[in-house]
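Peer 1: The structure's right below; bear with me while I get my questions together.
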Amino acid sequence: MKRELIKFLLFCLLVLVAPLALDGGYLLNVLLFVGINTMLAVALNLLLGYAGQISLGHAGFFGLGAYLSGILTATYGMNPWLVMPLAALVVGILAWAIGFPVLKLKGHNLAMATLGLGIIIYIVFNETVDYTGGPSGFSGIPSLSLGGIVFDSDLKSYYLIWCFALLVILFSVNLANSRIGRALRAVHDSEVAARVMGVNALLLKVQVFTLSAVICSLAGSLYAHTVTFVSPASFGFNFSIELLTMVVIGGLGSIYGSFLGAALLTLLPEFLRAAHDYDIIIYGALLMLMVMFMPGGLVRGVPDLIRRIRSAKGGTGHA
Amino acid sequence: MQFDQILQYTLSGLSTGAIYALIGIGFSIIYNSTGIINFAQGEFVMLGGMLTLFFINLLQLPLWAAIPCAVFCATLAGLLFERLAIRPLRRPTPLNLVIITIGGSILIRGISMLLWGKDTHSLASFSGDDPIALGGATLLPQHLWILGITLVIIIANKFFFYHTISGKAMRACSYNSRAAGLVGIDVRRMVLFSFVISSAMGAVAGIIVAPLTMTSYDVGVMLGLKGFCAAIIGGMSSGMATVVGGVLLGVLESLGAGLVSSGYKDAIAFIILLLILLIRPQGLFGKAEAERV
């Protein structure tokens, strides 16, 4: 437990000093999105990596949080700090209600059902033009403010978002190491065995699904207030896949792995500016190569690789 | 007037439904011989349409020559996909297979975008665009092509699976691949076969629908998903149940788009999918199977 705490504090330190090292500028703006994507990837990882339940519709929950926050604050003038938990509550209730029938499904059926949900939500964003502005998007969302501070610059937003992201990480690490985390892993390995041991598997799956949707909604609210503009394109099927890629690349069942995956996939397109249109090829190839050659993701795959190279060298040394 | 409209929507729904059925059968062939849901199935449909255009525009081939070339190339892509991505998989858990086929679909889509750009293209109809009057509705010649070709493929499929050695061997693999292996069937080859057949069928579906719906590098996503809906409704059978599922989906979608709202057209398909999954996950005609532990 102590090691976990030290790991977390070191990570906090890294987050804290990163902007100082960068001296503001464009990259800071990207790091802010790394924060949002980290929240989303951690949320999906709780469901996918720990409980072993796939979801291809998480962009939908992210979008619901963003749109609810945007519409309730900009159109109806509500207080953003009030709307954020309200949106999370609404999304949570929705996820809870759909969770029971949907999470009875397994494997590819579950993948298809969640994908269908995500697509239906996406279509609703597009079609309810009166509320969402339709395909052209919804603008004029106010920035968050606290006391006298308005979070309207990249630096301020960076610290705000990472505050939330760190809380999500701390919470998730604790959850993963708790009794519930062990129960989740048991469900992952064998649902039947878990049930025999007295775990209410369906209830547990629905709970983690709901929790994961709530975190996504929260990330969505932050996104809406930071960017001050939302459009359906950000919450489509492709983004759900992108989230899946982050989790798989980072490592299933590793919270910090999700950060790695989120950071890599958010930064990569920025560094590959010339290949901007082709990032989907890179996603596809990465997804396939990871599953084929590094099924444990970067957090387990890289140490493994180093160990293998070392032992190979050691082997030749002896011969 | 109202009746004519319904007839019109039903007729056009029939032909898109036939396409969904073809794609759906592709899904179930692979699923039955391997237990894999190939999320890249829609990309082979896209490849069919785009490759046909490529051969016509770039190599100036006539349509009748471009089609077999396109089907051949798409099939080759399916074969390579199985050999390079599915077979080398060390831990083929359902989750890994879902992820790798999704990865494959993104890769194929990305490469197509790289090769042919993001534009939407149209393919000329096979035999003109003069509508045929039928009652109060009209039918395009292309609709007839679609229905005819679908019918031929389904009959050929039936013949292959029930009257040829390879087809019977593939069915044996789908019942019990271990037992099939024990009696001397090369299971891996049958898996490869299933990818070849379904990518070829997908490509044909993509070619015959292209004159109606236009084609671009990203049409595969939706077509693939609709095909999957058809397969789910049909209970993952590779026969008539999936055809009925596809046609049902096509007609309901067309009626919904025409009578309710065209913007929600795709949502209708997914609501049907969700309902089926939640109420009868074994498909409309399937028998519930007892789950063994």
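Chain labels follow the order of the structure tokens: the first chain is A, the next B, and so on; residue numbering restarts at 1 in every chain, and ligands are counted from 1 in their shown order.
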Write out as a tab-separated table a residue-level contact list of chain B versus chain A with cut-off 8 Å: for each qualifying residue the closest pair of atoms and the distance in Å to one decimal, counting only C-alpha atoms, rows sorted by chain and residue number upward.

Peer 2:
residue	atom	partner	partner_atom	distance
B:Ile37	CA	A:His108	CA	6.6
B:Ala85	CA	A:Met288	CA	7.4
B:Pro88	CA	A:Met292	CA	7.3
B:Leu89	CA	A:Met292	CA	5.5
B:Arg90	CA	A:Met292	CA	6.9
B:Pro94	CA	A:Gly107	CA	6.1
B:Leu95	CA	A:Gly107	CA	6.7
B:Asn96	CA	A:Val291	CA	6.4
B:Val98	CA	A:His108	CA	6.9
B:Ile99	CA	A:Leu287	CA	7.2
B:Ile100	CA	A:Met288	CA	5.1
B:Thr101	CA	A:Met288	CA	7.9
B:Ile102	CA	A:Gly284	CA	7.6
B:Gly103	CA	A:Gly284	CA	4.3
B:Gly104	CA	A:Gly284	CA	6.1
B:Ser105	CA	A:Gly284	CA	7.3
B:Ile106	CA	A:Gly284	CA	4.8
B:Leu107	CA	A:Gly284	CA	4.5
B:Ile108	CA	A:Ile281	CA	7.8
B:Arg109	CA	A:Ile281	CA	7.7
B:Gly110	CA	A:Ile281	CA	4.7
B:Ile111	CA	A:Ile281	CA	6.6
B:Leu114	CA	A:Tyr278	CA	7.3
B:Gly263	CA	A:Glu127	CA	6.4
B:Tyr264	CA	A:Ile123	CA	6.9
B:Asp266	CA	A:Ile123	CA	7.9
B:Ala267	CA	A:Ile120	CA	5.3
B:Phe270	CA	A:Gly116	CA	5.3
B:Ile271	CA	A:Gly116	CA	7.5
B:Leu273	CA	A:Ala113	CA	7.4
B:Leu274	CA	A:Ala113	CA	5.9
B:Leu277	CA	A:Ala113	CA	7.2
B:Leu278	CA	A:Pro101	CA	6.2
B:Val293	CA	A:Val192	CA	7.5

Peer 1: Set the distance at 7 Å and use only C-alpha atoms: which residues neighbour range 280-283 of chain B once local chain neighbours fewer than 5 positions away are removed? I'd like the list as a list in words.

Peer 2: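 Counting only the stated atoms, we get Ile232, Ile233, Gly234, Gly235 and Ala288 of chain B.
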
Peer 1: For Ile169 in chain A, work out the shell of residues within 12 Å, counting only C-alpha atoms and skipping chain neighbours fewer than 2 positions away, then give it as an NGL selection string.

Peer 2: :A and (4-5 or 7-9 or 11-12 or 35-36 or 38-43 or 45-46 or 162-167 or 171-176 or 215 or 254-259)

Peer 1: Those residues you just picked out, can you put them in a file as a short mmCIF file (atom, residue, chain, number, x, y, z; two decimals), in the first residue's frame with N, CA and C atoms?

Peer 2:
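Result saved to selection_29.cif:
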data_model
loop_
_atom_site.label_atom_id
_atom_site.label_comp_id
_atom_site.auth_asym_id
_atom_site.auth_seq_id
_atom_site.Cartn_x
_atom_site.Cartn_y
_atom_site.Cartn_z
N GLU A 4 2.15 2.06 -3.40
CA GLU A 4 1.12 2.71 -4.22
C GLU A 4 1.07 4.21 -3.95
N LEU A 5 1.18 4.55 -2.66
CA LEU A 5 1.10 5.96 -2.27
C LEU A 5 2.29 6.73 -2.84
N LYS A 7 4.07 5.91 -5.42
CA LYS A 7 3.88 5.98 -6.87
C LYS A 7 2.95 7.15 -7.22
N PHE A 8 1.85 7.24 -6.46
CA PHE A 8 0.87 8.28 -6.73
C PHE A 8 1.46 9.67 -6.51
N LEU A 9 2.21 9.84 -5.39
CA LEU A 9 2.79 11.16 -5.10
C LEU A 9 3.81 11.55 -6.16
N PHE A 11 3.72 10.65 -9.23
CA PHE A 11 2.93 11.00 -10.40
C PHE A 11 2.37 12.42 -10.27
N CYS A 12 1.90 12.75 -9.04
CA CYS A 12 1.39 14.10 -8.78
C CYS A 12 2.48 15.14 -9.06
N GLY A 35 -5.06 14.90 -19.92
CA GLY A 35 -5.76 14.77 -18.65
C GLY A 35 -7.18 14.25 -18.84
N ILE A 36 -7.91 14.84 -19.77
CA ILE A 36 -9.29 14.40 -20.02
C ILE A 36 -9.31 12.96 -20.51
N THR A 38 -7.08 10.72 -20.01
CA THR A 38 -6.68 9.82 -18.93
C THR A 38 -7.89 9.43 -18.09
N MET A 39 -8.71 10.43 -17.76
CA MET A 39 -9.93 10.13 -17.00
C MET A 39 -10.79 9.11 -17.74
N LEU A 40 -10.96 9.34 -19.03
CA LEU A 40 -11.81 8.45 -19.83
C LEU A 40 -11.22 7.05 -19.92
N ALA A 41 -9.90 6.99 -20.15
CA ALA A 41 -9.26 5.68 -20.31
C ALA A 41 -9.29 4.91 -18.99
N VAL A 42 -9.05 5.61 -17.88
CA VAL A 42 -9.12 4.95 -16.58
C VAL A 42 -10.54 4.41 -16.36
N ALA A 43 -11.54 5.22 -16.71
CA ALA A 43 -12.93 4.80 -16.54
C ALA A 43 -13.22 3.54 -17.34
N ASN A 45 -11.05 1.42 -18.41
CA ASN A 45 -10.20 0.33 -17.92
C ASN A 45 -10.81 -0.36 -16.71
N LEU A 46 -11.48 0.41 -15.86
CA LEU A 46 -12.15 -0.21 -14.71
C LEU A 46 -13.13 -1.27 -15.21
N TRP A 162 -6.33 18.38 -14.31
CA TRP A 162 -5.48 17.35 -13.70
C TRP A 162 -5.84 17.11 -12.24
N CYS A 163 -6.39 18.14 -11.59
CA CYS A 163 -6.92 17.95 -10.24
C CYS A 163 -7.94 16.82 -10.25
N PHE A 164 -8.88 16.93 -11.18
CA PHE A 164 -9.92 15.90 -11.31
C PHE A 164 -9.30 14.56 -11.72
N ALA A 165 -8.39 14.62 -12.70
CA ALA A 165 -7.81 13.38 -13.21
C ALA A 165 -7.06 12.65 -12.09
N LEU A 166 -6.32 13.41 -11.26
CA LEU A 166 -5.58 12.79 -10.17
C LEU A 166 -6.53 12.16 -9.15
N LEU A 167 -7.64 12.86 -8.89
CA LEU A 167 -8.63 12.29 -7.98
C LEU A 167 -9.18 10.98 -8.53
N PHE A 171 -8.72 7.43 -6.70
CA PHE A 171 -9.92 6.65 -6.40
C PHE A 171 -9.85 5.27 -7.05
N SER A 172 -9.44 5.24 -8.34
CA SER A 172 -9.43 3.99 -9.08
C SER A 172 -8.38 3.03 -8.55
N VAL A 173 -7.20 3.57 -8.19
CA VAL A 173 -6.14 2.71 -7.66
C VAL A 173 -6.63 2.08 -6.36
N ASN A 174 -7.26 2.89 -5.52
CA ASN A 174 -7.78 2.37 -4.26
C ASN A 174 -8.86 1.32 -4.49
N LEU A 175 -9.73 1.63 -5.44
CA LEU A 175 -10.82 0.69 -5.74
C LEU A 175 -10.24 -0.64 -6.22
N ALA A 176 -9.23 -0.54 -7.11
CA ALA A 176 -8.66 -1.74 -7.70
C ALA A 176 -8.00 -2.61 -6.63
N ILE A 215 -17.73 8.73 -14.45
CA ILE A 215 -16.42 9.37 -14.66
C ILE A 215 -16.36 9.98 -16.06
N SER A 254 -4.40 -1.85 -15.67
CA SER A 254 -3.38 -1.02 -15.04
C SER A 254 -3.79 0.44 -15.15
N ILE A 255 -3.96 1.08 -13.99
CA ILE A 255 -4.45 2.46 -13.99
C ILE A 255 -3.43 3.40 -14.63
N TYR A 256 -2.16 3.25 -14.22
CA TYR A 256 -1.14 4.13 -14.81
C TYR A 256 -0.92 3.79 -16.28
N GLY A 257 -1.18 2.54 -16.64
CA GLY A 257 -1.11 2.14 -18.04
C GLY A 257 -2.10 2.95 -18.87
N SER A 258 -3.29 3.19 -18.30
CA SER A 258 -4.28 3.98 -19.03
C SER A 258 -3.77 5.39 -19.27
N PHE A 259 -3.05 5.93 -18.28
CA PHE A 259 -2.45 7.25 -18.49
C PHE A 259 -1.45 7.18 -19.64
#

Peer 1: Run DSSP on the backbone and tell me which residues of range 54-247 of chain B come out as alpha helix (DSSP H); list them as a PyMOL selection string.

Peer 2: chain B and resi 54-57+63-81+94-116+141-163+165-175+177-182+187-213+219-233+240-247

Peer 1: For the residues in the current selection, export C-alpha atoms as a compact mmCIF listing (two decimals), in the first residue's frame.

Peer 2:
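Dumped everything to out-v7.txt:
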# COMPACT_ATOMS: atom_id res chain seq x y z
CA PHE B 54 -10.45 1.66 -59.12
CA PHE B 55 -10.32 -0.91 -61.91
CA ILE B 56 -12.85 0.99 -64.02
CA ASN B 57 -11.33 4.44 -63.57
CA LEU B 63 -17.61 -3.27 -65.69
CA TRP B 64 -17.87 -7.02 -66.36
CA ALA B 65 -14.11 -7.36 -66.08
CA ALA B 66 -13.67 -4.98 -63.19
CA ILE B 67 -16.08 -6.87 -60.94
CA PRO B 68 -14.23 -10.21 -60.83
CA CYS B 69 -10.93 -8.36 -60.40
CA ALA B 70 -12.37 -6.45 -57.45
CA VAL B 71 -13.83 -9.57 -55.87
CA PHE B 72 -10.51 -11.34 -56.33
CA CYS B 73 -8.53 -8.54 -54.68
CA ALA B 74 -10.97 -8.19 -51.78
CA THR B 75 -10.86 -11.93 -51.24
CA LEU B 76 -7.09 -11.81 -51.25
CA ALA B 77 -7.29 -9.12 -48.58
CA GLY B 78 -9.55 -11.40 -46.51
CA LEU B 79 -7.10 -14.26 -46.91
CA LEU B 80 -4.15 -12.10 -45.88
CA PHE B 81 -6.10 -10.77 -42.91
CA PRO B 94 -12.92 -13.33 -27.32
CA LEU B 95 -11.82 -9.88 -26.15
CA ASN B 96 -8.52 -10.08 -28.05
CA LEU B 97 -10.34 -11.23 -31.18
CA VAL B 98 -12.83 -8.37 -30.97
CA ILE B 99 -9.97 -5.91 -30.56
CA ILE B 100 -7.83 -7.34 -33.34
CA THR B 101 -10.64 -7.40 -35.89
CA ILE B 102 -11.51 -3.82 -34.94
CA GLY B 103 -7.84 -2.95 -35.42
CA GLY B 104 -7.91 -4.68 -38.79
CA SER B 105 -10.98 -2.78 -39.89
CA ILE B 106 -9.42 0.55 -38.95
CA LEU B 107 -6.23 -0.38 -40.77
CA ILE B 108 -8.03 -1.41 -43.97
CA ARG B 109 -10.14 1.75 -43.84
CA GLY B 110 -7.06 3.88 -43.28
CA ILE B 111 -5.15 2.31 -46.16
CA SER B 112 -8.15 2.81 -48.47
CA MET B 113 -8.31 6.44 -47.47
CA LEU B 114 -4.61 6.76 -48.21
CA LEU B 115 -5.02 5.14 -51.62
CA TRP B 116 -8.30 6.62 -52.83
CA PRO B 141 -33.06 -2.10 -62.61
CA GLN B 142 -30.27 -2.11 -60.04
CA HIS B 143 -32.76 -3.32 -57.40
CA LEU B 144 -33.46 -6.32 -59.61
CA TRP B 145 -29.74 -6.98 -60.01
CA ILE B 146 -29.34 -6.90 -56.25
CA LEU B 147 -32.22 -9.27 -55.59
CA GLY B 148 -31.14 -11.64 -58.37
CA ILE B 149 -27.48 -11.79 -57.40
CA THR B 150 -28.32 -12.22 -53.72
CA LEU B 151 -30.59 -15.11 -54.57
CA VAL B 152 -27.91 -16.80 -56.70
CA ILE B 153 -25.28 -16.40 -53.99
CA ILE B 154 -27.54 -17.80 -51.29
CA ILE B 155 -28.41 -20.84 -53.41
CA ALA B 156 -24.73 -21.36 -54.27
CA ASN B 157 -23.92 -21.10 -50.59
CA LYS B 158 -26.50 -23.70 -49.69
CA PHE B 159 -25.16 -26.03 -52.37
CA PHE B 160 -21.59 -25.54 -51.21
CA PHE B 161 -22.28 -26.23 -47.54
CA TYR B 162 -24.51 -29.25 -48.08
CA HIS B 163 -23.27 -30.92 -51.25
CA ILE B 165 -16.79 -32.12 -49.37
CA SER B 166 -15.24 -28.78 -48.36
CA GLY B 167 -18.60 -27.39 -47.36
CA LYS B 168 -19.40 -30.43 -45.27
CA ALA B 169 -15.98 -30.26 -43.66
CA MET B 170 -16.58 -26.63 -42.75
CA ARG B 171 -19.90 -27.51 -41.19
CA ALA B 172 -18.19 -30.24 -39.21
CA CYS B 173 -15.73 -27.66 -37.88
CA SER B 174 -18.58 -25.43 -36.84
CA TYR B 175 -20.23 -28.20 -34.82
CA SER B 177 -13.69 -28.27 -34.39
CA ARG B 178 -11.80 -30.70 -32.16
CA ALA B 179 -13.79 -33.65 -33.39
CA ALA B 180 -13.44 -32.42 -36.96
CA GLY B 181 -9.68 -32.29 -36.47
CA LEU B 182 -9.68 -35.84 -35.12
CA VAL B 187 -9.35 -27.11 -39.29
CA ARG B 188 -6.97 -24.24 -39.95
CA ARG B 189 -7.59 -24.48 -43.65
CA MET B 190 -11.33 -24.43 -43.07
CA VAL B 191 -10.94 -21.28 -40.97
CA LEU B 192 -8.99 -19.71 -43.82
CA PHE B 193 -11.73 -20.84 -46.21
CA SER B 194 -14.40 -19.19 -44.13
CA PHE B 195 -12.56 -15.89 -44.31
CA VAL B 196 -12.14 -16.28 -48.07
CA ILE B 197 -15.82 -17.04 -48.67
CA SER B 198 -17.13 -14.29 -46.44
CA SER B 199 -14.81 -11.62 -47.80
CA ALA B 200 -15.80 -12.58 -51.34
CA MET B 201 -19.50 -12.40 -50.44
CA GLY B 202 -18.97 -9.09 -48.69
CA ALA B 203 -17.18 -7.69 -51.74
CA VAL B 204 -20.02 -8.74 -54.06
CA ALA B 205 -22.51 -7.06 -51.72
CA GLY B 206 -20.42 -3.90 -51.81
CA ILE B 207 -20.27 -3.91 -55.60
CA ILE B 208 -23.96 -4.40 -56.28
CA VAL B 209 -25.04 -1.79 -53.75
CA ALA B 210 -22.53 0.87 -54.84
CA PRO B 211 -24.64 2.21 -57.75
CA LEU B 212 -27.51 2.91 -55.33
CA THR B 213 -25.77 4.34 -52.30
CA VAL B 219 -19.07 3.10 -45.97
CA GLY B 220 -17.96 -0.21 -44.50
CA VAL B 221 -18.66 0.75 -40.91
CA MET B 222 -22.40 1.17 -41.21
CA LEU B 223 -22.91 -1.59 -43.77
CA GLY B 224 -20.92 -3.98 -41.61
CA LEU B 225 -22.90 -3.11 -38.52
CA LYS B 226 -26.21 -3.51 -40.31
CA GLY B 227 -25.06 -6.87 -41.64
CA PHE B 228 -24.22 -7.86 -38.10
CA CYS B 229 -27.72 -6.81 -37.01
CA ALA B 230 -29.14 -9.09 -39.71
CA ALA B 231 -26.99 -11.96 -38.48
CA ILE B 232 -28.07 -11.40 -34.87
CA ILE B 233 -31.75 -11.31 -35.88
CA MET B 240 -32.63 -18.38 -44.55
CA ALA B 241 -32.97 -17.02 -41.01
CA THR B 242 -30.30 -14.41 -41.71
CA VAL B 243 -31.88 -13.57 -45.07
CA VAL B 244 -35.19 -12.98 -43.32
CA GLY B 245 -33.35 -10.96 -40.68
CA GLY B 246 -31.67 -8.79 -43.30
CA VAL B 247 -34.83 -8.21 -45.30

Peer 1: Which neighbours of range 17-30 of chain A fall inside 10 Å, counting only C-alpha atoms, when residues of the same chain fewer than 4 positions from it are skipped, and could you give them as a PyMOL selection string?

Peer 2: chain A and resi 12-13+34-35+153-155+157-159+263+266-267+270

Peer 1: Give the strand (DSSP E or B) residues of range 50-276 of chain A, as assigned by DSSP on the backbone, as a list of chain:residue names.

Peer 2: A:Phe138, A:Ser139, A:Ser145, A:Leu146, A:Ile149, A:Val150, A:Phe229, A:Val230

Peer 1: Restricted to N, CA, C and O atoms, what would the selected residues look like written as a PDB file, in the first residue's frame?

Peer 2:
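Listing of result06.pdb after writing:
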ATOM      1  N   PHE A 138     -22.462  23.089 -30.882  1.00  0.00           N
ATOM      2  CA  PHE A 138     -23.070  23.935 -29.871  1.00  0.00           C
ATOM      3  C   PHE A 138     -21.972  24.785 -29.253  1.00  0.00           C
ATOM      4  O   PHE A 138     -20.999  24.260 -28.714  1.00  0.00           O
ATOM      5  N   SER A 139     -22.100  26.105 -29.344  1.00  0.00           N
ATOM      6  CA  SER A 139     -21.005  26.934 -28.847  1.00  0.00           C
ATOM      7  C   SER A 139     -21.501  27.873 -27.759  1.00  0.00           C
ATOM      8  O   SER A 139     -22.679  27.893 -27.422  1.00  0.00           O
ATOM      9  N   SER A 145     -15.464  28.869 -13.293  1.00  0.00           N
ATOM     10  CA  SER A 145     -14.750  29.823 -12.456  1.00  0.00           C
ATOM     11  C   SER A 145     -14.946  29.431 -10.992  1.00  0.00           C
ATOM     12  O   SER A 145     -15.941  28.809 -10.630  1.00  0.00           O
ATOM     13  N   LEU A 146     -13.953  29.779 -10.196  1.00  0.00           N
ATOM     14  CA  LEU A 146     -14.013  29.417  -8.779  1.00  0.00           C
ATOM     15  C   LEU A 146     -13.481  30.602  -7.983  1.00  0.00           C
ATOM     16  O   LEU A 146     -12.350  31.027  -8.199  1.00  0.00           O
ATOM     17  N   ILE A 149     -11.193  33.192  -9.690  1.00  0.00           N
ATOM     18  CA  ILE A 149     -10.385  32.664 -10.791  1.00  0.00           C
ATOM     19  C   ILE A 149     -11.287  32.126 -11.886  1.00  0.00           C
ATOM     20  O   ILE A 149     -12.169  31.298 -11.644  1.00  0.00           O
ATOM     21  N   VAL A 150     -11.079  32.620 -13.115  1.00  0.00           N
ATOM     22  CA  VAL A 150     -11.789  32.056 -14.258  1.00  0.00           C
ATOM     23  C   VAL A 150     -10.826  31.129 -14.978  1.00  0.00           C
ATOM     24  O   VAL A 150      -9.710  31.519 -15.309  1.00  0.00           O
ATOM     25  N   PHE A 229     -17.014  24.577 -26.734  1.00  0.00           N
ATOM     26  CA  PHE A 229     -17.754  24.216 -27.944  1.00  0.00           C
ATOM     27  C   PHE A 229     -17.818  22.696 -28.025  1.00  0.00           C
ATOM     28  O   PHE A 229     -16.824  22.021 -27.766  1.00  0.00           O
ATOM     29  N   VAL A 230     -18.992  22.157 -28.326  1.00  0.00           N
ATOM     30  CA  VAL A 230     -19.082  20.705 -28.529  1.00  0.00           C
ATOM     31  C   VAL A 230     -19.793  20.411 -29.843  1.00  0.00           C
ATOM     32  O   VAL A 230     -20.670  21.158 -30.263  1.00  0.00           O
TER      33      VAL A 230
END

Peer 1: Which one of B:Ile19, B:Leu249, B:Leu123, B:Ile36 sits closest to Leu51 in chain B if you count only C-alpha atoms?

Peer 2: B:Leu123
